[in-house]
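Engineer: Okay, so here is run02.pdb, and as you'll see once you scroll down, it has PDB, C-alpha atoms, pLDDT in the B column.
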ATOM      1  CA  MET A   1     -35.133 -20.793   8.426  1.00 43.00           C
ATOM      2  CA  ARG A   2     -32.308 -22.818   6.878  1.00 41.00           C
ATOM      3  CA  VAL A   3     -31.901 -20.203   4.143  1.00 36.00           C
ATOM      4  CA  LEU A   4     -31.622 -17.394   6.705  1.00 34.00           C
ATOM      5  CA  PHE A   5     -29.069 -19.393   8.680  1.00 33.00           C
ATOM      6  CA  GLY A   6     -27.052 -19.928   5.470  1.00 35.00           C
ATOM      7  CA  VAL A   7     -27.135 -16.208   4.698  1.00 32.00           C
ATOM      8  CA  PHE A   8     -26.011 -15.482   8.271  1.00 31.00           C
ATOM      9  CA  LEU A   9     -23.064 -17.898   7.926  1.00 30.00           C
ATOM     10  CA  ALA A  10     -22.122 -16.380   4.564  1.00 32.00           C
ATOM     11  CA  LEU A  11     -22.048 -12.907   6.115  1.00 31.00           C
ATOM     12  CA  LEU A  12     -19.743 -14.152   8.858  1.00 31.00           C
ATOM     13  CA  ALA A  13     -17.302 -15.369   6.204  1.00 32.00           C
ATOM     14  CA  VAL A  14     -16.956 -11.900   4.639  1.00 33.00           C
ATOM     15  CA  PRO A  15     -13.749 -10.211   5.824  1.00 37.00           C
ATOM     16  CA  ALA A  16     -14.087  -7.096   7.971  1.00 40.00           C
ATOM     17  CA  SER A  17     -12.160  -5.033   5.441  1.00 47.00           C
ATOM     18  CA  ALA A  18     -11.925  -5.815   1.793  1.00 52.00           C
ATOM     19  CA  ALA A  19      -8.776  -5.865  -0.285  1.00 74.00           C
ATOM     20  CA  LEU A  20      -7.720  -7.231  -3.649  1.00 87.00           C
ATOM     21  CA  ARG A  21      -7.019 -10.934  -3.529  1.00 92.00           C
ATOM     22  CA  THR A  22      -3.740 -12.677  -4.236  1.00 93.00           C
ATOM     23  CA  GLY A  23      -3.516 -13.416  -7.968  1.00 94.00           C
ATOM     24  CA  ALA A  24      -5.657 -10.434  -9.006  1.00 95.00           C
ATOM     25  CA  THR A  25      -4.273  -8.002 -11.558  1.00 96.00           C
ATOM     26  CA  ALA A  26      -3.100  -4.802  -9.862  1.00 97.00           C
ATOM     27  CA  PRO A  27      -4.845  -1.797 -11.434  1.00 97.00           C
ATOM     28  CA  ASP A  28      -2.351   0.384 -13.292  1.00 97.00           C
ATOM     29  CA  PHE A  29      -2.361   4.076 -12.418  1.00 97.00           C
ATOM     30  CA  THR A  30      -0.535   7.325 -12.966  1.00 98.00           C
ATOM     31  CA  THR A  31      -0.477   9.893 -10.194  1.00 97.00           C
ATOM     32  CA  ARG A  32       1.733  12.513  -8.624  1.00 97.00           C
ATOM     33  CA  GLY A  33       4.108  11.613  -5.862  1.00 97.00           C
ATOM     34  CA  ALA A  34       7.198  12.888  -4.107  1.00 97.00           C
ATOM     35  CA  VAL A  35      10.531  11.562  -2.955  1.00 97.00           C
ATOM     36  CA  ALA A  36      12.841  13.641  -0.760  1.00 96.00           C
ATOM     37  CA  GLY A  37      10.391  16.524  -1.207  1.00 96.00           C
ATOM     38  CA  LYS A  38      10.602  16.570  -5.012  1.00 97.00           C
ATOM     39  CA  VAL A  39       7.285  16.086  -6.830  1.00 97.00           C
ATOM     40  CA  PHE A  40       7.156  13.817  -9.872  1.00 97.00           C
ATOM     41  CA  THR A  41       4.729  11.699 -11.909  1.00 98.00           C
ATOM     42  CA  LEU A  42       4.544   8.061 -10.878  1.00 97.00           C
ATOM     43  CA  ASN A  43       3.202   5.227 -13.040  1.00 97.00           C
ATOM     44  CA  LEU A  44       2.837   1.723 -11.614  1.00 97.00           C
ATOM     45  CA  LYS A  45       3.581  -0.089 -14.871  1.00 96.00           C
ATOM     46  CA  ASP A  46       6.854   1.859 -15.207  1.00 96.00           C
ATOM     47  CA  GLN A  47       7.814   0.946 -11.635  1.00 96.00           C
ATOM     48  CA  LEU A  48       7.116  -2.755 -12.272  1.00 97.00           C
ATOM     49  CA  ARG A  49       9.637  -2.802 -15.139  1.00 95.00           C
ATOM     50  CA  HIS A  50      12.353  -2.668 -12.480  1.00 94.00           C
ATOM     51  CA  GLY A  51      10.995  -5.506 -10.333  1.00 94.00           C
ATOM     52  CA  PRO A  52       8.311  -6.176  -7.742  1.00 96.00           C
ATOM     53  CA  VAL A  53       6.610  -3.256  -6.029  1.00 97.00           C
ATOM     54  CA  VAL A  54       5.452  -2.968  -2.445  1.00 97.00           C
ATOM     55  CA  LEU A  55       2.481  -0.628  -2.644  1.00 97.00           C
ATOM     56  CA  TYR A  56       1.458   0.304   0.864  1.00 95.00           C
ATOM     57  CA  PHE A  57      -1.577   2.425   1.599  1.00 96.00           C
ATOM     58  CA  PHE A  58      -1.682   4.468   4.796  1.00 95.00           C
ATOM     59  CA  PRO A  59      -4.487   6.628   6.237  1.00 94.00           C
ATOM     60  CA  ALA A  60      -2.873  10.048   6.690  1.00 94.00           C
ATOM     61  CA  ALA A  61       0.572  11.630   6.634  1.00 95.00           C
ATOM     62  CA  PHE A  62       1.980  12.901   9.921  1.00 95.00           C
ATOM     63  CA  THR A  63      -0.262  10.763  12.121  1.00 92.00           C
ATOM     64  CA  SER A  64       1.526   8.624  14.698  1.00 91.00           C
ATOM     65  CA  GLY A  65       0.936   5.189  13.118  1.00 91.00           C
ATOM     66  CA  CYS A  66       1.626   6.391   9.580  1.00 93.00           C
ATOM     67  CA  SER A  67       4.813   8.184  10.595  1.00 95.00           C
ATOM     68  CA  ALA A  68       6.044   5.101  12.489  1.00 94.00           C
ATOM     69  CA  GLU A  69       5.270   2.891   9.494  1.00 94.00           C
ATOM     70  CA  ALA A  70       7.081   5.220   7.075  1.00 96.00           C
ATOM     71  CA  ARG A  71      10.147   5.288   9.324  1.00 96.00           C
ATOM     72  CA  ALA A  72      10.069   1.475   9.552  1.00 95.00           C
ATOM     73  CA  PHE A  73       9.974   1.141   5.754  1.00 96.00           C
ATOM     74  CA  ALA A  74      12.811   3.695   5.474  1.00 97.00           C
ATOM     75  CA  GLU A  75      14.928   1.675   7.925  1.00 96.00           C
ATOM     76  CA  LYS A  76      14.471  -1.486   5.832  1.00 96.00           C
ATOM     77  CA  ILE A  77      14.685   0.063   2.367  1.00 97.00           C
ATOM     78  CA  ASP A  78      18.115  -1.457   1.687  1.00 97.00           C
ATOM     79  CA  ALA A  79      16.712  -4.932   2.390  1.00 97.00           C
ATOM     80  CA  PHE A  80      13.806  -4.305  -0.030  1.00 97.00           C
ATOM     81  CA  ARG A  81      16.243  -3.100  -2.698  1.00 96.00           C
ATOM     82  CA  ALA A  82      18.512  -6.105  -2.117  1.00 96.00           C
ATOM     83  CA  ALA A  83      15.466  -8.308  -2.755  1.00 95.00           C
ATOM     84  CA  GLY A  84      14.826  -6.379  -5.989  1.00 95.00           C
ATOM     85  CA  ALA A  85      11.710  -4.492  -4.875  1.00 97.00           C
ATOM     86  CA  ARG A  86      10.627  -0.893  -4.843  1.00 97.00           C
ATOM     87  CA  VAL A  87       8.513   0.549  -2.028  1.00 98.00           C
ATOM     88  CA  ILE A  88       5.810   3.127  -2.735  1.00 98.00           C
ATOM     89  CA  GLY A  89       3.629   4.654  -0.027  1.00 97.00           C
ATOM     90  CA  MET A  90       0.114   5.714  -1.030  1.00 97.00           C
ATOM     91  CA  SER A  91      -2.294   8.041   0.766  1.00 96.00           C
ATOM     92  CA  ALA A  92      -5.268  10.210  -0.154  1.00 95.00           C
ATOM     93  CA  ASP A  93      -3.291  13.198   1.155  1.00 95.00           C
ATOM     94  CA  PRO A  94      -2.534  16.049  -1.263  1.00 95.00           C
ATOM     95  CA  VAL A  95       0.876  16.000  -2.956  1.00 96.00           C
ATOM     96  CA  ASP A  96       2.230  19.054  -1.107  1.00 96.00           C
ATOM     97  CA  LYS A  97       1.636  17.321   2.244  1.00 96.00           C
ATOM     98  CA  LEU A  98       3.183  14.099   0.911  1.00 97.00           C
ATOM     99  CA  ALA A  99       6.248  16.018  -0.321  1.00 97.00           C
ATOM    100  CA  ALA A 100       6.893  17.214   3.235  1.00 97.00           C
ATOM    101  CA  PHE A 101       6.156  13.717   4.606  1.00 97.00           C
ATOM    102  CA  SER A 102       8.614  12.150   2.137  1.00 97.00           C
ATOM    103  CA  LYS A 103      11.426  14.262   3.576  1.00 96.00           C
ATOM    104  CA  ALA A 104      10.483  14.169   7.239  1.00 96.00           C
ATOM    105  CA  GLU A 105       9.240  10.620   7.795  1.00 96.00           C
ATOM    106  CA  CYS A 106      10.446   8.609   4.774  1.00 95.00           C
ATOM    107  CA  ALA A 107      13.935  10.129   5.006  1.00 95.00           C
ATOM    108  CA  GLY A 108      13.856  10.666   1.236  1.00 95.00           C
ATOM    109  CA  LYS A 109      14.393   6.926   0.729  1.00 97.00           C
ATOM    110  CA  PHE A 110      11.222   6.001  -1.177  1.00 97.00           C
ATOM    111  CA  PRO A 111       8.333   7.774  -2.898  1.00 97.00           C
ATOM    112  CA  VAL A 112       4.916   8.475  -1.479  1.00 98.00           C
ATOM    113  CA  ALA A 113       2.095   9.242  -3.878  1.00 98.00           C
ATOM    114  CA  SER A 114      -1.404  10.619  -3.857  1.00 96.00           C
ATOM    115  CA  ALA A 115      -4.174   8.043  -4.173  1.00 95.00           C
ATOM    116  CA  GLY A 116      -7.146   9.735  -5.801  1.00 93.00           C
ATOM    117  CA  PRO A 117     -10.658   8.270  -5.706  1.00 93.00           C
ATOM    118  CA  ALA A 118     -10.087   5.981  -8.734  1.00 94.00           C
ATOM    119  CA  ILE A 119      -6.955   4.439  -7.164  1.00 95.00           C
ATOM    120  CA  VAL A 120      -8.662   4.033  -3.787  1.00 94.00           C
ATOM    121  CA  LYS A 121     -11.607   2.298  -5.455  1.00 93.00           C
ATOM    122  CA  GLY A 122      -9.408   0.170  -7.734  1.00 95.00           C
ATOM    123  CA  TYR A 123      -7.386  -1.135  -4.797  1.00 95.00           C
ATOM    124  CA  ASP A 124     -10.433  -1.408  -2.535  1.00 93.00           C
ATOM    125  CA  VAL A 125      -8.793   0.536   0.295  1.00 94.00           C
ATOM    126  CA  ALA A 126     -11.471   3.052   1.304  1.00 89.00           C
ATOM    127  CA  LEU A 127     -11.600   3.087   5.094  1.00 84.00           C
ATOM    128  CA  GLY A 128     -14.983   4.783   5.291  1.00 83.00           C
ATOM    129  CA  ARG A 129     -13.736   7.538   7.591  1.00 83.00           C
ATOM    130  CA  GLN A 130     -12.514  11.069   7.085  1.00 77.00           C
ATOM    131  CA  ILE A 131      -9.686  13.214   8.404  1.00 81.00           C
ATOM    132  CA  GLU A 132      -9.693  16.958   7.738  1.00 77.00           C
ATOM    133  CA  GLY A 133     -12.767  16.569   5.540  1.00 76.00           C
ATOM    134  CA  ARG A 134     -11.306  14.016   3.128  1.00 78.00           C
ATOM    135  CA  ASP A 135     -11.714  10.267   2.860  1.00 80.00           C
ATOM    136  CA  ILE A 136      -8.811   8.171   4.096  1.00 87.00           C
ATOM    137  CA  THR A 137      -7.497   4.763   3.126  1.00 91.00           C
ATOM    138  CA  SER A 138      -7.064   1.599   5.108  1.00 91.00           C
ATOM    139  CA  ARG A 139      -3.596   0.433   6.075  1.00 91.00           C
ATOM    140  CA  THR A 140      -3.190  -2.183   3.353  1.00 94.00           C
ATOM    141  CA  SER A 141       0.049  -3.383   1.783  1.00 93.00           C
ATOM    142  CA  TYR A 142       0.272  -5.140  -1.567  1.00 96.00           C
ATOM    143  CA  VAL A 143       3.296  -6.918  -2.968  1.00 97.00           C
ATOM    144  CA  ILE A 144       2.906  -6.772  -6.743  1.00 97.00           C
ATOM    145  CA  GLY A 145       5.015  -9.066  -8.909  1.00 95.00           C
ATOM    146  CA  ARG A 146       6.665  -7.935 -12.146  1.00 94.00           C
ATOM    147  CA  ASP A 147       3.784  -9.613 -13.966  1.00 95.00           C
ATOM    148  CA  GLY A 148       1.410  -7.042 -12.459  1.00 96.00           C
ATOM    149  CA  ARG A 149      -0.381  -9.555 -10.235  1.00 96.00           C
ATOM    150  CA  ILE A 150      -0.933  -9.281  -6.501  1.00 96.00           C
ATOM    151  CA  ALA A 151       1.463 -11.727  -4.848  1.00 96.00           C
ATOM    152  CA  PHE A 152       0.720 -10.867  -1.214  1.00 95.00           C
ATOM    153  CA  VAL A 153      -1.725  -8.754   0.810  1.00 94.00           C
ATOM    154  CA  HIS A 154      -1.328  -7.459   4.359  1.00 91.00           C
ATOM    155  CA  ASP A 155      -4.532  -5.744   5.493  1.00 86.00           C
ATOM    156  CA  ASP A 156      -4.318  -4.623   9.119  1.00 81.00           C
ATOM    157  CA  MET A 157      -4.730  -1.183  10.710  1.00 75.00           C
ATOM    158  CA  ASN A 158      -1.891  -1.964  13.136  1.00 74.00           C
ATOM    159  CA  PRO A 159       1.314  -0.894  11.334  1.00 71.00           C
ATOM    160  CA  ALA A 160       3.561  -3.200  13.365  1.00 73.00           C
ATOM    161  CA  GLU A 161       3.843  -6.144  10.965  1.00 82.00           C
ATOM    162  CA  HIS A 162       3.503  -4.463   7.574  1.00 83.00           C
ATOM    163  CA  VAL A 163       7.212  -4.057   6.928  1.00 92.00           C
ATOM    164  CA  ALA A 164       8.262  -7.518   8.115  1.00 92.00           C
ATOM    165  CA  SER A 165       5.456  -9.334   6.307  1.00 92.00           C
ATOM    166  CA  THR A 166       5.885  -7.503   3.000  1.00 94.00           C
ATOM    167  CA  LEU A 167       9.675  -7.952   3.093  1.00 95.00           C
ATOM    168  CA  ALA A 168       9.216 -11.691   3.681  1.00 94.00           C
ATOM    169  CA  ALA A 169       6.776 -11.835   0.761  1.00 94.00           C
ATOM    170  CA  VAL A 170       9.221 -10.011  -1.530  1.00 95.00           C
ATOM    171  CA  ARG A 171      12.004 -12.364  -0.507  1.00 93.00           C
ATOM    172  CA  GLY A 172       9.674 -15.276  -1.254  1.00 91.00           C
ATOM    173  CA  LEU A 173       9.156 -13.925  -4.777  1.00 86.00           C
ATOM    174  CA  THR A 174      12.867 -13.696  -5.448  1.00 68.00           C
ATOM    175  CA  THR A 175      13.531 -17.247  -4.222  1.00 63.00           C
ATOM    176  CA  LYS A 176      10.887 -18.605  -6.637  1.00 60.00           C
ATOM    177  CA  ARG A 177      12.841 -17.450  -9.691  1.00 51.00           C
TER     178      ARG A 177
END
The structure in this file should be written as structure tokens.
Structural biologist:
Amino acid sequence: MRVLFGVFLALLAVPASAALRTGATAPDFTTRGAVAGKVFTLNLKDQLRHGPVVLYFFPAAFTSGCSAEARAFAEKIDAFRAAGARVIGMSADPVDKLAAFSKAECAGKFPVASAGPAIVKGYDVALGRQIEGRDITSRTSYVIGRDGRIAFVHDDMNPAEHVASTLAAVRGLTTKR
């Protein structure tokens, strides 16, 4: 009975949604993305050469929460740049849809890129649901330091605090230098 109770308590301690932990090495990847409607190849390691990266995963382009979140990041992009960080949105959407989303909702201010199955698995962001017949990701934001390690994780399906919390984390990185 004690063993079963211990297993029960251990299960309660497991978070509802999984994400990479602070301090973990961010998996490198190369994928296609778009900024201001123009498609290009994006590599995480190349992006990190310029400073920290905010890698935010969102479920699906042109849905209300994802559009609001993209607009919120676009409104604060100057603050992220002033803190030395780049913002990259990631979704399992196809690149042509993300190209349109990058113009309409991101105001051409930051790239959005396609997260294929290997990226979704590597960042542990599978939501376990589908939209339009394809798997979607959780709403998880990672702040990745120049060293390639996860410095901060915000894992919450409500988009309201993603921008503020990731910006604060980026600012915290720059004050540690």
Engineer: Using the chain letters and numbers from this file, what does the PyMOL selection byres ((chain A and resi 78-86) around 12) select? Give the answer as number ranges by chain.
Structural biologist: A: 44, 46-56, 72-77, 87-89, 109-112, 142-146, 163-177
Engineer: Which distance in Å separates atom CA of Lys97 of chain A and atom CA of Phe29 of chain A, to one decimal?
Structural biologist: 20.2 Å
Engineer: Report the distance between atom CA of Ala68 of chain A and atom CA of Lys103 of chain A in Å, rounded to one decimal place.
Structural biologist: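 A separation of 13.9 Å between them.
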Engineer: Would you translate the PyMOL selection byres ((chain A and resi 34) around 8) into the concrete set of residues it matches in this file, as a PyMOL selection string?
Structural biologist: chain A and resi 32-33+35-40+95+98-99+102+111-113
Engineer: Find, counting all atoms listed in the file, the residue in A:Met157, A:Ala115, A:Ala107, A:Ala70 that gets nearest to Arg134 of chain A.
Structural biologist: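 Of A:Met157, A:Ala115, A:Ala107, A:Ala70, the one nearest Arg134 of chain A is A:Ala115, counting all atoms listed in the file.
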Engineer: Can I get segment 36-53 of chain A with N, CA and C atoms filled in, as a PDB file, in the coordinates of the input?
Structural biologist:
ATOM      1  N   ALA A  36      11.927  12.635  -1.302  1.00 96.00           N
ATOM      2  CA  ALA A  36      12.841  13.641  -0.760  1.00 96.00           C
ATOM      3  C   ALA A  36      12.330  15.061  -1.020  1.00 96.00           C
ATOM      4  N   GLY A  37      11.002  15.213  -1.019  1.00 96.00           N
ATOM      5  CA  GLY A  37      10.391  16.524  -1.207  1.00 96.00           C
ATOM      6  C   GLY A  37      10.195  16.956  -2.640  1.00 96.00           C
ATOM      7  N   LYS A  38      10.717  16.205  -3.594  1.00 97.00           N
ATOM      8  CA  LYS A  38      10.602  16.570  -5.012  1.00 97.00           C
ATOM      9  C   LYS A  38       9.405  15.853  -5.631  1.00 97.00           C
ATOM     10  N   VAL A  39       8.508  16.623  -6.232  1.00 97.00           N
ATOM     11  CA  VAL A  39       7.285  16.086  -6.830  1.00 97.00           C
ATOM     12  C   VAL A  39       7.585  15.551  -8.228  1.00 97.00           C
ATOM     13  N   PHE A  40       6.983  14.424  -8.557  1.00 97.00           N
ATOM     14  CA  PHE A  40       7.156  13.817  -9.872  1.00 97.00           C
ATOM     15  C   PHE A  40       5.902  13.016 -10.227  1.00 97.00           C
ATOM     16  N   THR A  41       5.831  12.548 -11.463  1.00 98.00           N
ATOM     17  CA  THR A  41       4.729  11.699 -11.909  1.00 98.00           C
ATOM     18  C   THR A  41       5.137  10.248 -11.753  1.00 98.00           C
ATOM     19  N   LEU A  42       4.270   9.461 -11.152  1.00 97.00           N
ATOM     20  CA  LEU A  42       4.544   8.061 -10.878  1.00 97.00           C
ATOM     21  C   LEU A  42       3.534   7.191 -11.627  1.00 97.00           C
ATOM     22  N   ASN A  43       4.048   6.186 -12.336  1.00 97.00           N
ATOM     23  CA  ASN A  43       3.202   5.227 -13.040  1.00 97.00           C
ATOM     24  C   ASN A  43       3.572   3.828 -12.568  1.00 97.00           C
ATOM     25  N   LEU A  44       2.567   3.050 -12.149  1.00 97.00           N
ATOM     26  CA  LEU A  44       2.837   1.723 -11.614  1.00 97.00           C
ATOM     27  C   LEU A  44       3.508   0.822 -12.635  1.00 97.00           C
ATOM     28  N   LYS A  45       3.009   0.797 -13.850  1.00 96.00           N
ATOM     29  CA  LYS A  45       3.581  -0.089 -14.871  1.00 96.00           C
ATOM     30  C   LYS A  45       5.070   0.210 -15.084  1.00 96.00           C
ATOM     31  N   ASP A  46       5.438   1.491 -15.078  1.00 96.00           N
ATOM     32  CA  ASP A  46       6.854   1.859 -15.207  1.00 96.00           C
ATOM     33  C   ASP A  46       7.667   1.339 -14.022  1.00 96.00           C
ATOM     34  N   GLN A  47       7.119   1.429 -12.824  1.00 96.00           N
ATOM     35  CA  GLN A  47       7.814   0.946 -11.635  1.00 96.00           C
ATOM     36  C   GLN A  47       8.024  -0.563 -11.686  1.00 96.00           C
ATOM     37  N   LEU A  48       7.030  -1.291 -12.208  1.00 97.00           N
ATOM     38  CA  LEU A  48       7.116  -2.755 -12.272  1.00 97.00           C
ATOM     39  C   LEU A  48       8.169  -3.246 -13.268  1.00 97.00           C
ATOM     40  N   ARG A  49       8.583  -2.411 -14.183  1.00 95.00           N
ATOM     41  CA  ARG A  49       9.637  -2.802 -15.139  1.00 95.00           C
ATOM     42  C   ARG A  49      10.959  -3.067 -14.434  1.00 95.00           C
ATOM     43  N   HIS A  50      11.113  -2.522 -13.240  1.00 94.00           N
ATOM     44  CA  HIS A  50      12.353  -2.668 -12.480  1.00 94.00           C
ATOM     45  C   HIS A  50      12.310  -3.809 -11.469  1.00 94.00           C
ATOM     46  N   GLY A  51      11.139  -4.410 -11.291  1.00 94.00           N
ATOM     47  CA  GLY A  51      10.995  -5.506 -10.333  1.00 94.00           C
ATOM     48  C   GLY A  51       9.709  -5.379  -9.551  1.00 94.00           C
ATOM     49  N   PRO A  52       9.534  -6.228  -8.551  1.00 96.00           N
ATOM     50  CA  PRO A  52       8.311  -6.176  -7.742  1.00 96.00           C
ATOM     51  C   PRO A  52       8.165  -4.837  -7.032  1.00 96.00           C
ATOM     52  N   VAL A  53       6.920  -4.507  -6.720  1.00 97.00           N
ATOM     53  CA  VAL A  53       6.610  -3.256  -6.029  1.00 97.00           C
ATOM     54  C   VAL A  53       5.825  -3.577  -4.763  1.00 97.00           C
TER      55      VAL A  53
END
